[in-house]
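Pasting my_file_29.pdb here (PDB, C-alpha atoms and all ligand atoms):
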ATOM      1  CA  MET N1335    -119.489  42.443 143.864
ATOM      2  CA  SER N1336    -119.264  39.087 142.106
ATOM      3  CA  ALA N1337    -118.402  35.612 143.397
ATOM      4  CA  GLY N1338    -114.669  35.124 143.792
ATOM      5  CA  LEU N1339    -112.737  32.933 141.360
ATOM      6  CA  ALA N1340    -110.388  30.157 142.459
ATOM      7  CA  VAL N1341    -106.919  29.826 140.912
ATOM      8  CA  THR N1342    -104.964  26.607 140.330
ATOM      9  CA  CYS N1343    -101.383  26.413 139.054
ATOM     10  CA  ARG N1344     -99.681  23.057 138.474
ATOM     11  CA  GLY N1345     -96.071  22.903 137.332
ATOM     12  CA  LEU N1346     -96.537  26.310 135.747
ATOM     13  CA  VAL N1347     -93.603  27.373 133.564
ATOM     14  CA  TYR N1348     -92.976  30.603 131.702
ATOM     15  CA  ILE N1349     -89.995  31.221 129.437
ATOM     16  CA  TYR N1350     -89.182  34.587 127.864
ATOM     17  CA  ARG N1351     -87.740  33.715 124.461
ATOM     18  CA  LEU N1352     -85.147  36.303 123.525
ATOM     19  CA  GLU N1353     -82.860  36.427 120.541
ATOM     20  CA  GLY N1354     -80.163  33.871 121.147
ATOM     21  CA  TYR N1355     -81.203  32.797 124.641
ATOM     22  CA  ASP N1356     -84.168  32.035 126.896
ATOM     23  CA  VAL N1357     -85.019  33.328 130.381
ATOM     24  CA  VAL N1358     -86.907  30.851 132.546
ATOM     25  CA  ALA N1359     -88.975  33.196 134.703
ATOM     26  CA  LEU N1360     -91.280  30.544 136.236
ATOM     27  CA  SER N1361     -89.907  27.042 136.669
ATOM     28  CA  GLY N1362     -92.823  25.004 138.043
ATOM     29  CA  VAL N1363     -95.275  26.942 140.210
ATOM     30  CA  ASP N1364     -97.710  24.816 142.218
ATOM     31  CA  LEU N1365    -100.303  27.026 143.872
ATOM     32  CA  ASP N1366    -103.970  26.881 144.884
ATOM     33  CA  ILE N1367    -105.884  30.016 145.781
ATOM     34  CA  SER N1368    -109.441  29.562 147.010
ATOM     35  CA  ALA N1369    -112.353  31.673 145.831
ATOM     36  CA  GLY N1370    -112.549  34.793 147.980
ATOM     37  CA  GLU N1371    -109.071  34.384 149.465
ATOM     38  CA  SER N1372    -106.551  37.237 149.642
ATOM     39  CA  VAL N1373    -102.902  36.440 148.993
ATOM     40  CA  ALA N1374     -99.693  38.475 148.890
ATOM     41  CA  LEU N1375     -96.957  37.367 146.488
ATOM     42  CA  LEU N1376     -93.576  38.215 148.017
ATOM     43  CA  GLY N1377     -90.036  37.425 146.931
ATOM     44  CA  PRO N1378     -86.747  38.921 145.805
ATOM     45  CA  SER N1379     -86.491  41.103 142.741
ATOM     46  CA  GLY N1380     -86.505  39.016 139.568
ATOM     47  CA  SER N1381     -88.000  35.940 141.260
ATOM     48  CA  GLY N1382     -91.023  35.884 138.923
ATOM     49  CA  LYS N1383     -93.859  37.638 140.823
ATOM     50  CA  SER N1384     -94.920  40.000 138.047
ATOM     51  CA  THR N1385     -94.637  37.252 135.445
ATOM     52  CA  LEU N1386     -96.963  35.076 137.522
ATOM     53  CA  LEU N1387     -99.424  37.958 137.827
ATOM     54  CA  SER N1388     -99.362  38.436 134.036
ATOM     55  CA  LEU N1389    -100.123  34.732 133.499
ATOM     56  CA  LEU N1390    -103.042  34.876 135.971
ATOM     57  CA  ALA N1391    -104.352  37.882 134.058
ATOM     58  CA  GLY N1392    -104.201  35.999 130.752
ATOM     59  CA  LEU N1393    -101.707  38.537 129.426
ATOM     60  CA  LEU N1394     -98.966  35.923 128.864
ATOM     61  CA  PRO N1395     -99.561  32.319 127.720
ATOM     62  CA  PRO N1396     -98.041  29.572 129.930
ATOM     63  CA  SER N1397     -95.047  27.825 128.315
ATOM     64  CA  ALA N1398     -95.918  24.576 130.135
ATOM     65  CA  GLY N1399     -97.989  23.295 133.043
ATOM     66  CA  ARG N1400    -101.621  23.916 133.953
ATOM     67  CA  LEU N1401    -103.401  27.101 134.924
ATOM     68  CA  THR N1402    -107.079  27.597 135.634
ATOM     69  CA  VAL N1403    -108.905  30.725 136.795
ATOM     70  CA  GLY N1404    -112.472  29.863 137.760
ATOM     71  CA  ASP N1405    -113.780  27.716 134.884
ATOM     72  CA  HIS N1406    -111.231  29.054 132.420
ATOM     73  CA  ASP N1407    -108.368  26.810 131.318
ATOM     74  CA  LEU N1408    -105.752  29.415 130.452
ATOM     75  CA  VAL N1409    -103.508  26.928 128.653
ATOM     76  CA  ARG N1410    -106.171  26.007 126.094
ATOM     77  CA  ALA N1411    -107.993  29.329 125.907
ATOM     78  CA  THR N1412    -108.213  30.983 122.498
ATOM     79  CA  PRO N1413    -107.222  34.666 122.157
ATOM     80  CA  ALA N1414    -110.965  35.533 122.082
ATOM     81  CA  GLU N1415    -111.576  33.644 125.346
ATOM     82  CA  LEU N1416    -108.614  35.360 126.969
ATOM     83  CA  GLN N1417    -110.010  38.708 125.890
ATOM     84  CA  THR N1418    -113.365  37.848 127.476
ATOM     85  CA  LEU N1419    -111.603  36.734 130.663
ATOM     86  CA  ARG N1420    -109.781  40.053 130.902
ATOM     87  CA  ALA N1421    -112.914  42.046 130.115
ATOM     88  CA  LYS N1422    -115.269  40.487 132.644
ATOM     89  CA  ASP N1423    -113.555  38.154 135.106
ATOM     90  CA  VAL N1424    -110.160  39.556 136.009
ATOM     91  CA  GLY N1425    -109.345  43.114 137.100
ATOM     92  CA  VAL N1426    -105.702  44.155 136.765
ATOM     93  CA  VAL N1427    -104.092  47.083 138.556
ATOM     94  CA  LEU N1428    -100.649  47.819 137.125
ATOM     95  CA  GLN N1429     -97.770  49.099 139.219
ATOM     96  CA  GLY N1430     -97.973  52.911 139.528
ATOM     97  CA  ALA N1431    -101.526  54.229 139.991
ATOM     98  CA  SER N1432    -101.313  56.695 137.089
ATOM     99  CA  ARG N1433    -100.682  53.932 134.537
ATOM    100  CA  ASN N1434    -104.240  52.732 135.181
ATOM    101  CA  LEU N1435    -105.894  56.139 134.843
ATOM    102  CA  LEU N1436    -106.768  58.544 132.056
ATOM    103  CA  PRO N1437    -105.587  61.971 133.293
ATOM    104  CA  TYR N1438    -108.210  64.028 131.431
ATOM    105  CA  LEU N1439    -111.196  62.098 132.837
ATOM    106  CA  THR N1440    -112.726  62.541 136.307
ATOM    107  CA  ALA N1441    -112.682  59.694 138.822
ATOM    108  CA  GLU N1442    -116.223  58.683 137.886
ATOM    109  CA  GLN N1443    -115.504  58.903 134.161
ATOM    110  CA  ASN N1444    -112.401  56.711 134.610
ATOM    111  CA  VAL N1445    -114.548  53.965 136.164
ATOM    112  CA  ARG N1446    -117.239  54.338 133.489
ATOM    113  CA  PHE N1447    -114.605  54.174 130.756
ATOM    114  CA  ALA N1448    -113.239  50.906 132.204
ATOM    115  CA  GLN N1449    -116.764  49.448 132.137
ATOM    116  CA  ARG N1450    -116.966  49.969 128.370
ATOM    117  CA  GLY N1451    -114.766  46.891 127.861
ATOM    118  CA  VAL N1452    -117.344  44.599 129.476
ATOM    119  CA  PRO N1453    -119.496  42.647 126.980
ATOM    120  CA  ALA N1454    -122.832  44.443 126.353
ATOM    121  CA  GLU N1455    -125.014  41.669 127.837
ATOM    122  CA  ARG N1456    -123.127  41.925 131.144
ATOM    123  CA  ARG N1457    -122.882  45.704 131.252
ATOM    124  CA  ARG N1458    -126.374  46.299 132.606
ATOM    125  CA  GLU N1459    -125.496  44.192 135.681
ATOM    126  CA  LEU N1460    -122.567  46.419 136.570
ATOM    127  CA  PRO N1461    -122.721  48.765 139.553
ATOM    128  CA  GLU N1462    -122.911  52.500 138.961
ATOM    129  CA  PRO N1463    -119.428  54.097 138.938
ATOM    130  CA  ARG N1464    -120.308  56.079 142.097
ATOM    131  CA  ASP N1465    -121.004  52.768 143.895
ATOM    132  CA  VAL N1466    -117.627  51.381 142.827
ATOM    133  CA  LEU N1467    -116.027  54.611 144.089
ATOM    134  CA  ALA N1468    -117.940  54.233 147.373
ATOM    135  CA  MET N1469    -116.501  50.750 147.795
ATOM    136  CA  VAL N1470    -112.950  52.112 147.669
ATOM    137  CA  GLY N1471    -113.914  55.002 149.950
ATOM    138  CA  LEU N1472    -113.850  57.720 147.292
ATOM    139  CA  THR N1473    -117.051  59.608 147.937
ATOM    140  CA  GLY N1474    -117.760  62.984 149.475
ATOM    141  CA  ARG N1475    -115.899  66.260 148.978
ATOM    142  CA  GLY N1476    -116.693  65.990 145.268
ATOM    143  CA  ARG N1477    -113.883  63.505 144.754
ATOM    144  CA  ASN N1478    -115.878  61.587 142.133
ATOM    145  CA  ARG N1479    -115.665  64.698 139.940
ATOM    146  CA  GLN N1480    -111.920  65.248 140.460
ATOM    147  CA  ARG N1481    -109.309  64.366 137.893
ATOM    148  CA  PRO N1482    -106.546  62.019 139.091
ATOM    149  CA  GLN N1483    -103.907  64.701 139.586
ATOM    150  CA  ARG N1484    -106.198  66.546 142.056
ATOM    151  CA  LEU N1485    -106.382  63.462 144.305
ATOM    152  CA  SER N1486    -103.863  62.533 147.033
ATOM    153  CA  PRO N1487    -101.477  59.579 146.354
ATOM    154  CA  ASP N1488    -103.590  57.062 148.295
ATOM    155  CA  GLU N1489    -106.812  58.372 146.706
ATOM    156  CA  ARG N1490    -105.195  57.926 143.284
ATOM    157  CA  GLN N1491    -104.209  54.366 144.164
ATOM    158  CA  ARG N1492    -107.733  53.667 145.421
ATOM    159  CA  LEU N1493    -109.099  55.079 142.163
ATOM    160  CA  ALA N1494    -106.778  52.685 140.283
ATOM    161  CA  LEU N1495    -108.322  49.852 142.339
ATOM    162  CA  ALA N1496    -111.807  51.146 141.462
ATOM    163  CA  VAL N1497    -110.881  51.002 137.768
ATOM    164  CA  GLY N1498    -109.684  47.418 138.276
ATOM    165  CA  LEU N1499    -113.009  46.623 139.987
ATOM    166  CA  ALA N1500    -115.165  48.464 137.466
ATOM    167  CA  GLY N1501    -116.156  45.297 135.567
ATOM    168  CA  ARG N1502    -117.081  43.463 138.809
ATOM    169  CA  PRO N1503    -114.270  40.900 138.420
ATOM    170  CA  GLY N1504    -114.087  37.671 140.422
ATOM    171  CA  LEU N1505    -110.304  38.055 140.650
ATOM    172  CA  LEU N1506    -108.439  41.288 141.340
ATOM    173  CA  LEU N1507    -104.694  41.349 140.606
ATOM    174  CA  ALA N1508    -102.655  44.301 141.855
ATOM    175  CA  ASP N1509     -98.923  44.867 141.318
ATOM    176  CA  GLU N1510     -97.329  46.814 144.211
ATOM    177  CA  PRO N1511    -100.468  48.801 145.111
ATOM    178  CA  THR N1512     -98.845  50.305 148.218
ATOM    179  CA  SER N1513     -95.362  51.161 146.950
ATOM    180  CA  GLN N1514     -94.387  54.838 147.211
ATOM    181  CA  LEU N1515     -97.126  55.507 149.773
ATOM    182  CA  ASP N1516     -96.517  56.683 153.331
ATOM    183  CA  THR N1517     -97.772  54.543 156.214
ATOM    184  CA  ARG N1518    -101.113  56.305 156.568
ATOM    185  CA  ALA N1519    -101.839  56.137 152.841
ATOM    186  CA  ARG N1520    -100.729  52.506 152.729
ATOM    187  CA  ASP N1521    -103.161  51.651 155.533
ATOM    188  CA  GLU N1522    -106.003  53.320 153.618
ATOM    189  CA  VAL N1523    -105.242  51.165 150.560
ATOM    190  CA  LEU N1524    -105.004  48.018 152.700
ATOM    191  CA  LEU N1525    -108.374  48.780 154.286
ATOM    192  CA  THR N1526    -109.808  49.126 150.787
ATOM    193  CA  LEU N1527    -108.340  45.764 149.731
ATOM    194  CA  ASP N1528    -109.917  44.259 152.838
ATOM    195  CA  THR N1529    -113.310  45.645 151.822
ATOM    196  CA  VAL N1530    -112.838  44.150 148.344
ATOM    197  CA  ARG N1531    -111.989  40.755 149.798
ATOM    198  CA  ARG N1532    -114.989  40.846 152.153
ATOM    199  CA  SER N1533    -117.201  41.495 149.139
ATOM    200  CA  GLY N1534    -116.210  38.004 147.900
ATOM    201  CA  THR N1535    -113.606  38.930 145.287
ATOM    202  CA  THR N1536    -110.363  36.920 145.244
ATOM    203  CA  VAL N1537    -107.425  39.314 145.692
ATOM    204  CA  VAL N1538    -103.794  38.685 144.690
ATOM    205  CA  VAL N1539    -101.257  41.403 145.392
ATOM    206  CA  VAL N1540     -97.553  41.559 144.496
ATOM    207  CA  THR N1541     -95.601  43.382 147.185
ATOM    208  CA  HIS N1542     -92.110  43.840 148.620
ATOM    209  CA  ASP N1543     -93.572  44.903 151.971
ATOM    210  CA  PRO N1544     -93.753  42.054 154.542
ATOM    211  CA  ASP N1545     -96.284  44.079 156.579
ATOM    212  CA  VAL N1546     -98.636  44.121 153.603
ATOM    213  CA  GLY N1547     -98.177  40.351 153.444
ATOM    214  CA  LEU N1548     -99.202  39.986 157.074
ATOM    215  CA  ARG N1549    -102.307  42.095 156.534
ATOM    216  CA  MET N1550    -103.363  39.990 153.530
ATOM    217  CA  GLY N1551    -103.595  36.842 155.668
ATOM    218  CA  ARG N1552    -101.617  34.499 153.416
ATOM    219  CA  THR N1553     -98.206  35.067 151.887
ATOM    220  CA  VAL N1554     -96.658  33.105 149.039
ATOM    221  CA  THR N1555     -92.940  33.712 148.558
ATOM    222  CA  ILE N1556     -91.674  33.155 145.032
ATOM    223  CA  ARG N1557     -87.999  32.154 144.856
ATOM    224  CA  ASP N1558     -86.238  31.311 141.595
ATOM    225  CA  GLY N1559     -89.507  30.972 139.718
ATOM    226  CA  ARG N1560     -91.385  28.684 142.054
ATOM    227  CA  VAL N1561     -93.157  28.760 145.410
ATOM    228  CA  GLY N1562     -90.346  28.706 147.974
ATOM    229  CA  ALA N1563     -92.323  29.463 151.134
ATOM    230  CA  GLU N1564     -95.827  30.063 152.431
ATOM    231  CA  GLY N1565     -96.912  32.099 155.420
ATOM    232  CA  ARG N1566    -100.160  31.768 157.345
ATOM    233  CA  ARG N1567    -101.085  33.995 160.256
ATOM    234  CA  GLY N1568     -97.476  35.191 160.638
ATOM    235  CA  GLU N1569     -95.856  31.707 160.580
ATOM    236  CA  ASP N1570     -93.532  31.006 157.638
ATOM    237  CA  TYR N1571     -93.122  27.531 156.124
ATOM    238  CA  ALA N1572     -90.665  26.383 153.456
ATOM    239  CA  VAL N1573     -92.457  24.491 150.673
ATOM    240  CA  VAL N1574     -91.057  21.173 149.438
ATOM    241  CA  GLY N1575     -91.039  21.360 145.636
ATOM    242  CA  ARG N1576     -92.344  18.598 143.349
ATOM    243  CA  ASP N1577     -88.702  17.504 142.787
ATOM    244  CA  GLY N1578     -88.108  17.274 146.553
ATOM    245  CA  THR N1579     -86.073  20.475 146.818
ATOM    246  CA  VAL N1580     -86.513  22.996 149.625
ATOM    247  CA  HIS N1581     -85.487  26.646 149.364
ATOM    248  CA  LEU N1582     -83.864  27.480 152.687
ATOM    249  CA  PRO N1583     -84.557  30.867 154.274
ATOM    250  CA  GLN N1584     -81.656  33.364 154.524
ATOM    251  CA  GLU N1585     -81.039  32.644 158.242
ATOM    252  CA  ALA N1586     -80.551  28.946 157.471
ATOM    253  CA  LEU N1587     -78.292  29.743 154.505
ATOM    254  CA  ARG N1588     -75.906  31.535 156.869
ATOM    255  CA  VAL N1589     -75.414  28.199 158.681
ATOM    256  CA  LEU N1590     -75.678  26.039 155.547
ATOM    257  CA  PRO N1591     -74.259  28.105 152.678
ATOM    258  CA  PRO N1592     -74.759  26.814 149.118
ATOM    259  CA  GLY N1593     -72.476  23.839 148.469
ATOM    260  CA  THR N1594     -72.578  22.563 152.078
ATOM    261  CA  LEU N1595     -72.820  18.775 152.349
ATOM    262  CA  VAL N1596     -75.611  17.853 154.768
ATOM    263  CA  GLY N1597     -76.798  14.603 156.205
ATOM    264  CA  VAL N1598     -80.620  14.434 156.109
ATOM    265  CA  GLU N1599     -81.795  12.470 159.140
ATOM    266  CA  PRO N1600     -85.515  11.746 159.652
ATOM    267  CA  GLN N1601     -86.287  11.468 163.376
ATOM    268  CA  PRO N1602     -88.744   9.124 165.093
ATOM    269  CA  ASP N1603     -90.818  12.141 166.232
ATOM    270  CA  GLY N1604     -91.514  13.147 162.604
ATOM    271  CA  THR N1605     -88.945  15.965 162.432
ATOM    272  CA  VAL N1606     -85.972  15.941 160.042
ATOM    273  CA  LEU N1607     -82.454  16.997 161.066
ATOM    274  CA  LEU N1608     -80.088  18.615 158.565
ATOM    275  CA  VAL N1609     -76.569  17.918 159.834
ATOM    276  CA  PRO N1610     -73.630  19.616 158.072
ATOM    277  CA  ALA N1611     -70.812  17.164 157.328
ATOM    278  CA  ARG N1612     -67.594  17.736 159.330
ATOM    279  CA  SER N1613     -64.521  18.321 157.204
ATOM    280  CA  SER N1614     -63.026  15.109 158.669
ATOM    281  CA  ASP N1615     -66.043  13.165 157.289
ATOM    282  CA  VAL N1616     -65.410  14.245 153.700
ATOM    283  CA  GLU N1617     -61.606  14.641 153.616
ATOM    284  CA  GLY N1618     -59.992  12.501 150.950
ATOM    285  CA  VAL N1619     -63.352  11.664 149.323
ATOM    286  CA  GLN N1620     -63.184  12.314 145.557
TER     287      GLN N1620
HETATM  288  N1  LIG J1701     -90.011  41.128 129.120
HETATM  289  C1  LIG J1701     -89.026  40.361 129.577
HETATM  290  N2  LIG J1701     -88.099  39.845 128.751
HETATM  291  C2  LIG J1701     -87.121  39.050 129.206
HETATM  292  N3  LIG J1701     -86.944  38.696 130.498
HETATM  293  C3  LIG J1701     -87.830  39.187 131.376
HETATM  294  C4  LIG J1701     -88.909  40.035 130.970
HETATM  295  N4  LIG J1701     -89.627  40.377 132.074
HETATM  296  C5  LIG J1701     -89.035  39.754 133.109
HETATM  297  N5  LIG J1701     -87.965  39.050 132.693
HETATM  298  C6  LIG J1701     -87.075  38.207 133.517
HETATM  299  O1  LIG J1701     -87.884  37.204 134.127
HETATM  300  C7  LIG J1701     -87.473  37.004 135.474
HETATM  301  C8  LIG J1701     -88.656  37.263 136.406
HETATM  302  O2  LIG J1701     -88.992  38.656 136.305
HETATM  303  P1  LIG J1701     -90.255  39.296 137.057
HETATM  304  O3  LIG J1701     -90.373  40.709 136.609
HETATM  305  O4  LIG J1701     -91.428  38.426 136.886
HETATM  306  O5  LIG J1701     -89.770  39.235 138.571
HETATM  307  P2  LIG J1701     -90.330  40.038 139.851
HETATM  308  O6  LIG J1701     -90.222  39.084 140.984
HETATM  309  O7  LIG J1701     -91.674  40.594 139.553
HETATM  310  O8  LIG J1701     -89.257  41.200 139.996
HETATM  311  P3  LIG J1701     -89.469  42.680 140.629
HETATM  312  O9  LIG J1701     -89.790  42.472 142.075
HETATM  313  O10 LIG J1701     -88.120  43.327 140.412
HETATM  314  O11 LIG J1701     -90.580  43.339 139.849
HETATM  315  C9  LIG J1701     -86.279  37.908 135.716
HETATM  316  O12 LIG J1701     -85.105  37.158 135.459
HETATM  317  C10 LIG J1701     -86.458  38.980 134.670
HETATM  318  O13 LIG J1701     -85.194  39.534 134.293
END
Any chance you could put this one into structure tokens?
Ligand SMILES: Nc1ncnc2c1ncn2[C@@H]1O[C@H](COP(=O)(O)OP(=O)(O)OP(=O)(O)O)[C@@H](O)[C@H]1O
Amino acid sequence: MSAGLAVTCRGLVYIYRLEGYDVVALSGVDLDISAGESVALLGPSGSGKSTLLSLLAGLLPPSAGRLTVGDHDLVRATPAELQTLRAKDVGVVLQGASRNLLPYLTAEQNVRFAQRGVPAERRRELPEPRDVLAMVGLTGRGRNRQRPQRLSPDERQRLALAVGLAGRPGLLLADEPTSQLDTRARDEVLLTLDTVRRSGTTVVVVTHDPDVGLRMGRTVTIRDGRVGAEGRRGEDYAVVGRDGTVHLPQEALRVLPPGTLVGVEPQPDGTVLLVPARSSDVEGVQ
């Protein structure tokens, strides 16, 4: 496949403008993803994961901040440039395999159809649909000639990934590619994503499943529209935001619920103690 694309977000903001009020979905995302890396975006419902994915795909324009995907500056890009980006550089797999597939076409025809969006001069460099299907493990038993509804749930999801990979993108974005799959089917899809990453493509997956996060190598937890935590090799770290704030994990919030007054005490050994104030310390203070 093609060389992976790096992603850089700096102070990335997205606001849904509704009649009468605004919803700030992303409130300053700082994030670097290296070319060829695979990352899982985790976080509570409504935290902004899907919005971030849509911005990376060039489907929504940033409201503020900076965003680059490979050489593309997505803040300055014209609609025509964004269209080119989507056609040849970024593959998007929407949540729910079927939404990515045309039910009346076979697996191979679905991949070929997706390749029609690639600019003509690049099309001759594209792999044959059967090779894309081979990459996601959909060969043999005539599966390339099956329509989506004749495939099993994990095969359908892998076909959706093949459609996302049809244009040989440098960045693959997938929203919940393992939801509604049993463990065996989920593992098949994860193995496929691993093959995609090893081919050099950058992979970003939105998921609610912490196990998927572990398998992807790096997790980025979105909380309240910004990066609240990062995980590497199973270790989780809170991320200090550009305004100095830290989103505490749930376990810490049980000890320090919102509104708690804490003393912040840097220690000589480089650690920092958070010490909740005793009621006697704050009594009578207005
Ligand atoms: N089309 C829209 N119009 C208005 N507000 C929206 C729209 N889409 C999302 N939002 C709001 O933006 C915020 C972030 O939503 P988003 O879907 O990105 O979160 P998410 O982390 O992907 O959630 P989930 O895990 O439930 O899919 C939420 O407050 C949501 O209600």
Just want the 8 Å neighbourhood of stretch 1378-1380 of chain N, counted on only C-alpha atoms, with same-chain residues fewer than 2 positions away dropped. Output as a PyMOL selection string.
chain N and resi 1359+1376+1382-1383+1542+1556-1558
Can you list, as an mmCIF file with C-alpha atoms, in the coordinates of the input, the residues that the PyMOL selection byres (((chain N and resi 1486-1500) around 8) and not hetatm) selects here?
data_model
loop_
_atom_site.group_PDB
_atom_site.id
_atom_site.type_symbol
_atom_site.label_atom_id
_atom_site.label_comp_id
_atom_site.auth_asym_id
_atom_site.auth_seq_id
_atom_site.Cartn_x
_atom_site.Cartn_y
_atom_site.Cartn_z
ATOM 1 C CA GLY N 1425 -109.345 43.114 137.100
ATOM 2 C CA VAL N 1426 -105.702 44.155 136.765
ATOM 3 C CA VAL N 1427 -104.092 47.083 138.556
ATOM 4 C CA GLY N 1430 -97.973 52.911 139.528
ATOM 5 C CA ALA N 1431 -101.526 54.229 139.991
ATOM 6 C CA SER N 1432 -101.313 56.695 137.089
ATOM 7 C CA ASN N 1434 -104.240 52.732 135.181
ATOM 8 C CA LEU N 1435 -105.894 56.139 134.843
ATOM 9 C CA ALA N 1441 -112.682 59.694 138.822
ATOM 10 C CA ASN N 1444 -112.401 56.711 134.610
ATOM 11 C CA VAL N 1445 -114.548 53.965 136.164
ATOM 12 C CA ARG N 1446 -117.239 54.338 133.489
ATOM 13 C CA ALA N 1448 -113.239 50.906 132.204
ATOM 14 C CA GLN N 1449 -116.764 49.448 132.137
ATOM 15 C CA LEU N 1460 -122.567 46.419 136.570
ATOM 16 C CA PRO N 1461 -122.721 48.765 139.553
ATOM 17 C CA PRO N 1463 -119.428 54.097 138.938
ATOM 18 C CA VAL N 1466 -117.627 51.381 142.827
ATOM 19 C CA LEU N 1467 -116.027 54.611 144.089
ATOM 20 C CA MET N 1469 -116.501 50.750 147.795
ATOM 21 C CA VAL N 1470 -112.950 52.112 147.669
ATOM 22 C CA GLY N 1471 -113.914 55.002 149.950
ATOM 23 C CA LEU N 1472 -113.850 57.720 147.292
ATOM 24 C CA PRO N 1482 -106.546 62.019 139.091
ATOM 25 C CA GLN N 1483 -103.907 64.701 139.586
ATOM 26 C CA ARG N 1484 -106.198 66.546 142.056
ATOM 27 C CA LEU N 1485 -106.382 63.462 144.305
ATOM 28 C CA GLY N 1501 -116.156 45.297 135.567
ATOM 29 C CA ARG N 1502 -117.081 43.463 138.809
ATOM 30 C CA PRO N 1503 -114.270 40.900 138.420
ATOM 31 C CA LEU N 1506 -108.439 41.288 141.340
ATOM 32 C CA ALA N 1508 -102.655 44.301 141.855
ATOM 33 C CA PRO N 1511 -100.468 48.801 145.111
ATOM 34 C CA THR N 1512 -98.845 50.305 148.218
ATOM 35 C CA LEU N 1515 -97.126 55.507 149.773
ATOM 36 C CA ALA N 1519 -101.839 56.137 152.841
ATOM 37 C CA ARG N 1520 -100.729 52.506 152.729
ATOM 38 C CA GLU N 1522 -106.003 53.320 153.618
ATOM 39 C CA VAL N 1523 -105.242 51.165 150.560
ATOM 40 C CA THR N 1526 -109.808 49.126 150.787
#
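Between atom CA of N:Asp1405 and atom CA of N:Val1373 there is a distance of 19.8 Å.
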Closest to N:Glu1442 among N:Glu1371, N:Asp1423, N:Asp1465, N:Asp1521, using all atoms listed in the file?
N:Asp1465
To verify the selection step, state as number ranges by chain which residues the PyMOL selection byres (((chain N and resi 1390) around 10) and not hetatm) yields on this input.
N: 1341-1343, 1384-1389, 1391-1396, 1401-1403, 1408, 1420, 1424, 1426, 1505-1507, 1538
Counting only C-alpha atoms and all ligand atoms, figure out which residue out of N:Ala1611, N:Val1561, N:Leu1419, N:Ile1349 gets nearest to ligand LIG 1701 (chain J).
N:Ile1349
Hey, can I get the axis-aligned box for stretch 1388-1400 of chain N? All listed atoms, 6 Å padding on each side, centre and edge lengths in Å to one decimal, as AutoDock Vina command-line options.
--center_x -99.7 --center_y 30.9 --center_z 131.8 --size_x 21.3 --size_y 27.2 --size_z 20.3
Nearest residue to ligand LIG 1701 (chain J) from the set N:Arg1351, N:Arg1518, N:Arg1450, N:Arg1457 (distances using only C-alpha atoms and all ligand atoms):
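Result for the nearest residue to ligand LIG 1701 (chain J): N:Arg1351.
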Using only C-alpha atoms, find the one residue out of N:Lys1422, N:Glu1564, N:Val1580, N:Val1540 that sits nearest to N:Asp1366.
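Counting only C-alpha atoms, the residue closest to N:Asp1366 is N:Glu1564.
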Go through N:Thr1541, N:Ser1381, N:Thr1517, N:Gln1417 one by one, measure the shortest atom-to-atom distance of each to ligand LIG 1701 (chain J) using only C-alpha atoms and all ligand atoms, and give the residue with the smallest value.
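Ranking N:Thr1541, N:Ser1381, N:Thr1517, N:Gln1417 by distance to ligand LIG 1701 (chain J), first place goes to N:Ser1381.
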Tell me, in Å to one decimal, how far atom CA of N:Arg1479 is from atom CA of N:Tyr1438.
11.3 Å
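When atom CA of N:Thr1579 is paired with atom CA of N:Gly1562, their separation reads 9.3 Å.
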Residues matched by the PyMOL selection byres (((chain N and resi 1596) around 10) and not hetatm), written as a PyMOL selection string
chain N and resi 1590+1593-1595+1597-1599+1607-1612
